[in-house]
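A.B. asks: Input: one structure, supplied below.
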Amino acid sequence: MKLVVGLGNPGPEYDRTRHNVGFDVIDRLARRCVDPSAAVARNKFSGLLLEGDVEGEKMLLLKPLTFMNLSGKAVAEAVKFYKLSPVDDLMVIVDDTALDCGDLRIKPGGGAGGHNGLADVSRLLGTDAWPRLRIGIDKPGRIPLKSYVLGRFTEEQQAEMESSLEAATKAAVAWAADGLEAAMNRFNRRASA
């Protein structure tokens, strides 16, 4: 069993914002991996949970509803309930202002890089040794960070993000089916490449 968590903020006012790319990938995974007749998300683990399948492997898709900075609660509850190994069975998908728009970076662990959602997940899991897929959203420039991440993509950025969100979806499937190293080798990329 694999758990894929997309970080974001709940509510229509946050739909399609830069901070919600994790939610966007979970929505795409749901369309790809969840039987439409069973595609009703359950409110569980302080989030919305769907069960899907990737090549015979059960895949849980989770969107925490605790808001970004408290995402660890939902992740830790699900990991504990299903007795999952964070190292082997968990992938967290998140935005990253340190990467150019559309760049993808899968890593087996590491620090939060200033991202409060990742920091909370590490704090509540008691480790930072778990895979994460970071999706670049560009640096904010002169715009205050909070305003930038809670804002929507420019038209130019949106065009770039479309292919990157699809690639991130495929990367999560590859991780579940073929393992972390295979996903890293195939999907760590610059958007311009």
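Chains: A, B, ... in order of the structure tokens. Residues: from 1 per chain. Ligands: from 1, in order shown.
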Using DSSP on the backbone coordinates, identify all residues within stretch 9-48 of chain A classified as strand (DSSP E or B); present the result as a VMD selection string.

C.D. replies: chain A and resid 17 42 to 44 47 to 48

A.B. asks: Could you give me, as a PyMOL selection string, the residues within 6 Å of stretch 41-50 of chain A, counting only C-alpha atoms and dropping anything in the same chain fewer than 4 positions from it?

C.D. replies: chain A and resi 60-65+74+77-78

A.B. asks: Excluding A:Asp120 and residues on its chain fewer than 4 positions from it, collect all residues at most 8 Å away from it, counting only C-alpha atoms, and give them as a PyMOL selection string.

C.D. replies: chain A and resi 69-73+116+124

A.B. asks: For the residues in the current selection, export N, CA and C atoms as an mmCIF file, in the first residue's frame.

C.D. replies:
```cif
data_model
loop_
_atom_site.group_PDB
_atom_site.id
_atom_site.type_symbol
_atom_site.label_atom_id
_atom_site.label_comp_id
_atom_site.auth_asym_id
_atom_site.auth_seq_id
_atom_site.Cartn_x
_atom_site.Cartn_y
_atom_site.Cartn_z
ATOM 1 N N ASN A 69 0.092 24.794 6.721
ATOM 2 C CA ASN A 69 1.084 24.797 7.789
ATOM 3 C C ASN A 69 0.849 23.737 8.856
ATOM 4 N N LEU A 70 -0.296 23.066 8.826
ATOM 5 C CA LEU A 70 -0.606 22.006 9.793
ATOM 6 C C LEU A 70 -0.833 20.661 9.097
ATOM 7 N N SER A 71 -0.243 20.489 7.935
ATOM 8 C CA SER A 71 -0.446 19.287 7.123
ATOM 9 C C SER A 71 0.037 18.007 7.791
ATOM 10 N N GLY A 72 0.991 18.113 8.696
ATOM 11 C CA GLY A 72 1.561 16.929 9.328
ATOM 12 C C GLY A 72 0.557 16.091 10.091
ATOM 13 N N LYS A 73 -0.475 16.720 10.641
ATOM 14 C CA LYS A 73 -1.491 15.990 11.407
ATOM 15 C C LYS A 73 -2.148 14.911 10.558
ATOM 16 N N ASN A 116 6.664 25.514 5.345
ATOM 17 C CA ASN A 116 6.023 25.190 6.621
ATOM 18 C C ASN A 116 5.239 23.889 6.587
ATOM 19 N N LEU A 124 5.779 15.975 12.869
ATOM 20 C CA LEU A 124 4.820 15.007 13.404
ATOM 21 C C LEU A 124 5.170 13.559 13.060
#
```

A.B. asks: Pick the closest to A:Leu90 from A:Ala168, A:Val121, A:Leu3, A:Leu29: which is it, counting only C-alpha atoms?

C.D. replies: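 Closest to A:Leu90 of all the choices is A:Leu3.
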
A.B. asks: For a quick check of understanding, using only C-alpha atoms, which of A:Ile93, A:Phe187, A:Gly113, A:Gly102 has the smallest distance to A:Gln158?

C.D. replies: A:Gly102

A.B. asks: DSSP on the backbone: what in stretch 61-158 of chain A comes out alpha helix (DSSP H), as an MDAnalysis selection string?

C.D. replies: chainID A and resid 72:81 86:89 116:125 145:149 155:158

A.B. asks: Within 7 Å of A:Val54, counting only C-alpha atoms, which residues qualify if same-chain residues fewer than 4 places away don't, as a tab-separated table (two decimals) with C-alpha atoms, in the first residue's frame?

C.D. replies:
```tsv
chain	number	residue	atom	x	y	z
A	33	CYS	CA	-6.16	5.63	-10.53
A	58	LYS	CA	-3.31	-0.12	-3.47
A	59	MET	CA	-2.77	3.65	-3.56
A	173	VAL	CA	2.40	6.54	-10.45
A	176	ALA	CA	4.15	3.54	-6.59
A	177	ALA	CA	4.68	1.00	-9.38
```

A.B. asks: Which value, in Å to one decimal, gives the distance between atom CA of A:Leu104 and atom CA of A:Ser147?

C.D. replies: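 Atom CA of A:Ser147 lies 22.5 Å from atom CA of A:Leu104.
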
A.B. asks: May I ask for the distance between atom CA of A:Val94 and atom CA of A:Gly111, given in Å to one decimal place?

C.D. replies: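 A separation of 13.2 Å between them.
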
A.B. asks: Would you pick out the contacts of A:Val21 at 9 Å or less, using only C-alpha atoms, so that residues sharing its chain but fewer than 2 positions from it are not included, and give the list as a VMD selection string?

C.D. replies: chain A and resid 6 to 8 16 to 19 23 to 26 93 to 95 135 137 165

A.B. asks: Could those selected residues go to a file with N, CA and C atoms, as a PDB file, in the first residue's frame?

C.D. replies:
```pdb
ATOM      1  N   GLY A   6      -0.994  15.201  -1.259  1.00  0.00           N
ATOM      2  CA  GLY A   6      -0.785  16.487  -1.910  1.00  0.00           C
ATOM      3  C   GLY A   6      -1.065  17.589  -0.906  1.00  0.00           C
ATOM      4  N   LEU A   7      -0.106  18.482  -0.698  1.00  0.00           N
ATOM      5  CA  LEU A   7      -0.314  19.567   0.251  1.00  0.00           C
ATOM      6  C   LEU A   7      -0.970  20.762  -0.434  1.00  0.00           C
ATOM      7  N   GLY A   8      -1.829  21.432   0.321  1.00  0.00           N
ATOM      8  CA  GLY A   8      -2.529  22.607  -0.182  1.00  0.00           C
ATOM      9  C   GLY A   8      -3.421  23.174   0.891  1.00  0.00           C
ATOM     10  N   ARG A  16      -6.487  26.338  -7.607  1.00  0.00           N
ATOM     11  CA  ARG A  16      -5.587  26.741  -8.698  1.00  0.00           C
ATOM     12  C   ARG A  16      -4.561  27.792  -8.289  1.00  0.00           C
ATOM     13  N   THR A  17      -4.302  27.927  -6.982  1.00  0.00           N
ATOM     14  CA  THR A  17      -3.233  28.827  -6.547  1.00  0.00           C
ATOM     15  C   THR A  17      -1.906  28.077  -6.596  1.00  0.00           C
ATOM     16  N   ARG A  18      -0.824  28.814  -6.521  1.00  0.00           N
ATOM     17  CA  ARG A  18       0.506  28.204  -6.577  1.00  0.00           C
ATOM     18  C   ARG A  18       0.722  27.236  -5.412  1.00  0.00           C
ATOM     19  N   HIS A  19       0.203  27.574  -4.249  1.00  0.00           N
ATOM     20  CA  HIS A  19       0.398  26.743  -3.053  1.00  0.00           C
ATOM     21  C   HIS A  19      -0.376  25.425  -3.137  1.00  0.00           C
ATOM     22  N   PHE A  23      -2.525  19.566  -4.295  1.00  0.00           N
ATOM     23  CA  PHE A  23      -3.938  19.187  -4.451  1.00  0.00           C
ATOM     24  C   PHE A  23      -4.247  18.909  -5.926  1.00  0.00           C
ATOM     25  N   ASP A  24      -3.692  19.743  -6.820  1.00  0.00           N
ATOM     26  CA  ASP A  24      -3.954  19.571  -8.253  1.00  0.00           C
ATOM     27  C   ASP A  24      -3.471  18.205  -8.741  1.00  0.00           C
ATOM     28  N   VAL A  25      -2.306  17.772  -8.259  1.00  0.00           N
ATOM     29  CA  VAL A  25      -1.788  16.459  -8.670  1.00  0.00           C
ATOM     30  C   VAL A  25      -2.656  15.343  -8.092  1.00  0.00           C
ATOM     31  N   ILE A  26      -3.110  15.480  -6.853  1.00  0.00           N
ATOM     32  CA  ILE A  26      -3.996  14.459  -6.279  1.00  0.00           C
ATOM     33  C   ILE A  26      -5.272  14.344  -7.104  1.00  0.00           C
ATOM     34  N   ILE A  93       3.581  15.614  -2.094  1.00  0.00           N
ATOM     35  CA  ILE A  93       3.720  16.479  -3.266  1.00  0.00           C
ATOM     36  C   ILE A  93       3.442  17.915  -2.843  1.00  0.00           C
ATOM     37  N   VAL A  94       4.352  18.818  -3.227  1.00  0.00           N
ATOM     38  CA  VAL A  94       4.312  20.173  -2.683  1.00  0.00           C
ATOM     39  C   VAL A  94       4.896  21.176  -3.666  1.00  0.00           C
ATOM     40  N   ASP A  95       4.519  22.443  -3.500  1.00  0.00           N
ATOM     41  CA  ASP A  95       5.085  23.530  -4.301  1.00  0.00           C
ATOM     42  C   ASP A  95       6.461  23.911  -3.760  1.00  0.00           C
ATOM     43  N   ILE A 135       7.384  20.683  -6.828  1.00  0.00           N
ATOM     44  CA  ILE A 135       7.024  21.262  -8.126  1.00  0.00           C
ATOM     45  C   ILE A 135       7.363  22.746  -8.075  1.00  0.00           C
ATOM     46  N   ILE A 137       7.508  26.646  -8.611  1.00  0.00           N
ATOM     47  CA  ILE A 137       6.511  27.682  -8.902  1.00  0.00           C
ATOM     48  C   ILE A 137       7.169  29.049  -9.095  1.00  0.00           C
ATOM     49  N   LEU A 165       2.310  19.409 -14.200  1.00  0.00           N
ATOM     50  CA  LEU A 165       1.353  18.700 -13.346  1.00  0.00           C
ATOM     51  C   LEU A 165       1.086  17.300 -13.890  1.00  0.00           C
TER      52      LEU A 165
END
```

A.B. asks: Counting only C-alpha atoms, figure out which residue out of A:Met91, A:Ala172, A:Met68, A:Leu180 gets nearest to A:Tyr14.

C.D. replies: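 Smallest distance to A:Tyr14 is found for A:Met68.
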
A.B. asks: Could you pull the residues within 9 Å of A:Pro131, counting only C-alpha atoms, minus those fewer than 3 positions along the same chain, as a VMD selection string?

C.D. replies: chain A and resid 86 to 93 106 to 110 128 180
